Amino acid sequence: MSLYNEQLLNEQEVAKVVYENITHSNCLKDPSLSTFHYGTHTFNGDVILAAYKPNGGMHILLGDFTGHGLSAAIGALPLADIFFDWTKKGFLMRQIIPEINARLKGILPSNMFCSAVFVDIKVNNKSIEVWNGGLPDLLFFSQNADKPVRFTSKNLPLGVLSPDAFECQIDPMAFVPGDRLMAFSDGVYEALDLSEQMFCHSVLNPLYQGEIDAEQAVDWLVQQLEREGILENPHDDISCLSVRLDTNIGIDSSEYELSRGHDCIYRSNPDTHSDITRTPIPFLSGHLLRSKPDTFWLFPESLSGLA
């Protein structure tokens with residue numbers, strides 16, 4: 001049994017490398033982005049993706065899959081595959097979202113889905129488009145307003161509706177350079193403070209009321225999570241992103257195209273995470289993305305013989 005467990009852990013570590021290489025964008029080092037991520041397991045259901053558009057601007061996606069661990073994370077592979085490939089080819093956000101929904105609906109069990117926000121930054125006309133499907137309100141901090149504008153969820157999560165029933169309701173907003181966006185997963189919104197109240201009813205109020213400097217919002221949020229003991233005993237994966245809007249995003253991106261990983265803060269649970277730096281098996285990502293739905297739930301075993 002101990003030998004089997006050791007083999008299982010080793011295979012999960014290899015899979016973790018592949019998962020991180022697929023889901024970690026090559027432009028999260030862009031200076032306009034700040035991100036924070038805290039996972040409760042070796043694998044987790046939260047994913048942050050960002051990709052430059054061919055003619056300038058950027059696509060950003062924050063996703064939160066149902067559940068925890070490997071079963072929650074595996075849906076991120078096809079999601080990231082479509083996100084990066086279709087963005088690179090110049091597809092619009094309103095074309096990419098239905099394709100992701102169709103893929104997830106086709107492969108995930110009926111009790112699994114992905115709550116997400118998708119942001120399209122359009123530098124040519126200084127505007128953004130926001131699609132929110134099941135995540136807490138995305139916040140838009142205008143330099144000309146006292147309180148942030150809240151983009152509420154107007155769509156069901158990805159993977160819930162069939163392609164024929166799926167609708168894509170998108171909110172547009174003009175920006176001026178220096179305005180900011182902020183989004184976070186349910187792990188932040190539903191976290192319990194020391195008095196057992198949800199963050200959304202207590203700790204987050206100053207943020208919603210515009211009392212927190214938008215440039216310091218991510219750092220402020222991390223401080224609140226630490227102060228309330230959330231990071232010591234998290235009940236859910238926690239992710240947050242902030243973007244400083246500007247007209248040069250994605251225009252001259254060569255400096256950041258080789259960078260990988262999160263830009264602001266990355267924390268992991270030392271009891272459940274390990275640092276893996278080995279090169280992943282080249283064939284593995286393609287194998288996973290082509291696998292049938294039931295193959296995903298046999299993931300560790302499917303790695304056998306590939307190493």
# chains A, B, ... in the order shown; residues from 1 in each chain; ligands from 1
>>> residues_around(residues="region 132-146 of chain A", least_positions_apart="2", cutoff="6 Å", atoms="only C-alpha atoms", output="ChimeraX atom specification")
/A:115-117,148-153,155-157,179-183,210
>>> write_last_selection(atoms="N, CA, C and O atoms", output="PDB file, in the first residue's frame")
ATOM      1  N   SER A 115     -17.622  28.542 -12.600  1.00  0.00           N
ATOM      2  CA  SER A 115     -17.990  29.948 -12.460  1.00  0.00           C
ATOM      3  C   SER A 115     -16.796  30.787 -12.919  1.00  0.00           C
ATOM      4  O   SER A 115     -15.651  30.457 -12.607  1.00  0.00           O
ATOM      5  N   ALA A 116     -17.055  31.852 -13.655  1.00  0.00           N
ATOM      6  CA  ALA A 116     -15.930  32.582 -14.247  1.00  0.00           C
ATOM      7  C   ALA A 116     -16.300  34.020 -14.558  1.00  0.00           C
ATOM      8  O   ALA A 116     -17.474  34.371 -14.719  1.00  0.00           O
ATOM      9  N   VAL A 117     -15.264  34.852 -14.642  1.00  0.00           N
ATOM     10  CA  VAL A 117     -15.377  36.171 -15.246  1.00  0.00           C
ATOM     11  C   VAL A 117     -14.390  36.232 -16.399  1.00  0.00           C
ATOM     12  O   VAL A 117     -13.254  35.756 -16.292  1.00  0.00           O
ATOM     13  N   PRO A 148     -16.664  51.973  -6.573  1.00  0.00           N
ATOM     14  CA  PRO A 148     -16.484  51.154  -7.771  1.00  0.00           C
ATOM     15  C   PRO A 148     -17.822  50.737  -8.378  1.00  0.00           C
ATOM     16  O   PRO A 148     -18.812  50.545  -7.663  1.00  0.00           O
ATOM     17  N   VAL A 149     -17.838  50.616  -9.701  1.00  0.00           N
ATOM     18  CA  VAL A 149     -18.984  50.032 -10.391  1.00  0.00           C
ATOM     19  C   VAL A 149     -18.901  48.516 -10.237  1.00  0.00           C
ATOM     20  O   VAL A 149     -17.832  47.924 -10.368  1.00  0.00           O
ATOM     21  N   ARG A 150     -20.035  47.881  -9.938  1.00  0.00           N
ATOM     22  CA  ARG A 150     -20.052  46.437  -9.696  1.00  0.00           C
ATOM     23  C   ARG A 150     -20.709  45.715 -10.870  1.00  0.00           C
ATOM     24  O   ARG A 150     -21.872  45.959 -11.190  1.00  0.00           O
ATOM     25  N   PHE A 151     -19.942  44.827 -11.502  1.00  0.00           N
ATOM     26  CA  PHE A 151     -20.460  44.012 -12.588  1.00  0.00           C
ATOM     27  C   PHE A 151     -20.975  42.700 -11.992  1.00  0.00           C
ATOM     28  O   PHE A 151     -20.199  41.799 -11.692  1.00  0.00           O
ATOM     29  N   THR A 152     -22.273  42.607 -11.818  1.00  0.00           N
ATOM     30  CA  THR A 152     -22.864  41.423 -11.213  1.00  0.00           C
ATOM     31  C   THR A 152     -22.958  40.287 -12.238  1.00  0.00           C
ATOM     32  O   THR A 152     -22.872  40.504 -13.452  1.00  0.00           O
ATOM     33  N   SER A 153     -23.146  39.097 -11.741  1.00  0.00           N
ATOM     34  CA  SER A 153     -23.283  37.929 -12.605  1.00  0.00           C
ATOM     35  C   SER A 153     -24.638  37.971 -13.317  1.00  0.00           C
ATOM     36  O   SER A 153     -25.685  38.043 -12.678  1.00  0.00           O
ATOM     37  N   ASN A 155     -24.976  35.679 -16.038  1.00  0.00           N
ATOM     38  CA  ASN A 155     -24.929  34.448 -16.816  1.00  0.00           C
ATOM     39  C   ASN A 155     -24.762  33.255 -15.882  1.00  0.00           C
ATOM     40  O   ASN A 155     -24.234  33.386 -14.775  1.00  0.00           O
ATOM     41  N   LEU A 156     -25.194  32.092 -16.328  1.00  0.00           N
ATOM     42  CA  LEU A 156     -24.918  30.863 -15.598  1.00  0.00           C
ATOM     43  C   LEU A 156     -23.465  30.459 -15.819  1.00  0.00           C
ATOM     44  O   LEU A 156     -22.839  30.846 -16.804  1.00  0.00           O
ATOM     45  N   PRO A 157     -22.888  29.686 -14.894  1.00  0.00           N
ATOM     46  CA  PRO A 157     -21.498  29.255 -15.053  1.00  0.00           C
ATOM     47  C   PRO A 157     -21.286  28.452 -16.333  1.00  0.00           C
ATOM     48  O   PRO A 157     -22.234  27.915 -16.925  1.00  0.00           O
ATOM     49  N   ASP A 179      -7.583  53.715 -14.632  1.00  0.00           N
ATOM     50  CA  ASP A 179      -8.713  53.018 -14.005  1.00  0.00           C
ATOM     51  C   ASP A 179      -8.311  51.574 -13.730  1.00  0.00           C
ATOM     52  O   ASP A 179      -7.399  51.037 -14.354  1.00  0.00           O
ATOM     53  N   ARG A 180      -9.026  50.910 -12.814  1.00  0.00           N
ATOM     54  CA  ARG A 180      -8.649  49.549 -12.424  1.00  0.00           C
ATOM     55  C   ARG A 180      -9.847  48.623 -12.371  1.00  0.00           C
ATOM     56  O   ARG A 180     -10.983  49.057 -12.121  1.00  0.00           O
ATOM     57  N   LEU A 181      -9.559  47.347 -12.585  1.00  0.00           N
ATOM     58  CA  LEU A 181     -10.527  46.272 -12.414  1.00  0.00           C
ATOM     59  C   LEU A 181     -10.032  45.339 -11.326  1.00  0.00           C
ATOM     60  O   LEU A 181      -8.829  45.126 -11.179  1.00  0.00           O
ATOM     61  N   MET A 182     -10.971  44.738 -10.603  1.00  0.00           N
ATOM     62  CA  MET A 182     -10.606  43.759  -9.588  1.00  0.00           C
ATOM     63  C   MET A 182     -11.651  42.651  -9.571  1.00  0.00           C
ATOM     64  O   MET A 182     -12.858  42.911  -9.622  1.00  0.00           O
ATOM     65  N   ALA A 183     -11.192  41.407  -9.523  1.00  0.00           N
ATOM     66  CA  ALA A 183     -12.096  40.256  -9.459  1.00  0.00           C
ATOM     67  C   ALA A 183     -11.526  39.239  -8.488  1.00  0.00           C
ATOM     68  O   ALA A 183     -10.305  39.132  -8.325  1.00  0.00           O
ATOM     69  N   GLY A 210     -15.628  52.083  -1.647  1.00  0.00           N
ATOM     70  CA  GLY A 210     -14.606  52.944  -2.222  1.00  0.00           C
ATOM     71  C   GLY A 210     -13.650  53.521  -1.207  1.00  0.00           C
ATOM     72  O   GLY A 210     -12.952  54.506  -1.501  1.00  0.00           O
TER      73      GLY A 210
END
>>> residues_around(residues="Val218 (chain A)", least_positions_apart="3", cutoff="8 Å", atoms="only C-alpha atoms", output="ChimeraX atom specification")
/A:34-36,215,221-222,240-242
>>> select_by_dssp(residues="region 6-157 of chain A", states="strand (DSSP E or B)", output="PyMOL selection string")
chain A and resi 33-39+46-52+58-65+114-122+127-133+138-141+149-151
>>> residues_around(residues="region 59-71 of chain A", least_positions_apart="4", cutoff="7 Å", atoms="only C-alpha atoms", output="VMD selection string")
chain A and resid 41 to 53 112 to 121 185 297
>>> residues_around(residues="Glu167 (chain A)", least_positions_apart="5", cutoff="12 Å", atoms="only C-alpha atoms", output="list in words")
Arg94, Gln95, Ile97, Pro98, Glu99, Asn101, Ala102, Trp131, Asn132, Gly133, Lys154, Asn155, Leu156, Pro157, Leu158, Val160, Leu161 and Ser162 of chain A
>>> closest_residue(among="A:Leu231, A:Ala76, A:Val123, A:Cys168", to="Met93 (chain A)", atoms="only C-alpha atoms")
A:Cys168
>>> atom_distance(atom1="CA of Gly229 (chain A)", atom2="CA of Ala191 (chain A)")
9.9 Å
>>> select_by_dssp(residues="region 70-123 of chain A", states="alpha helix (DSSP H)", output="PyMOL selection string")
chain A and resi 70-73+76-88+93-107
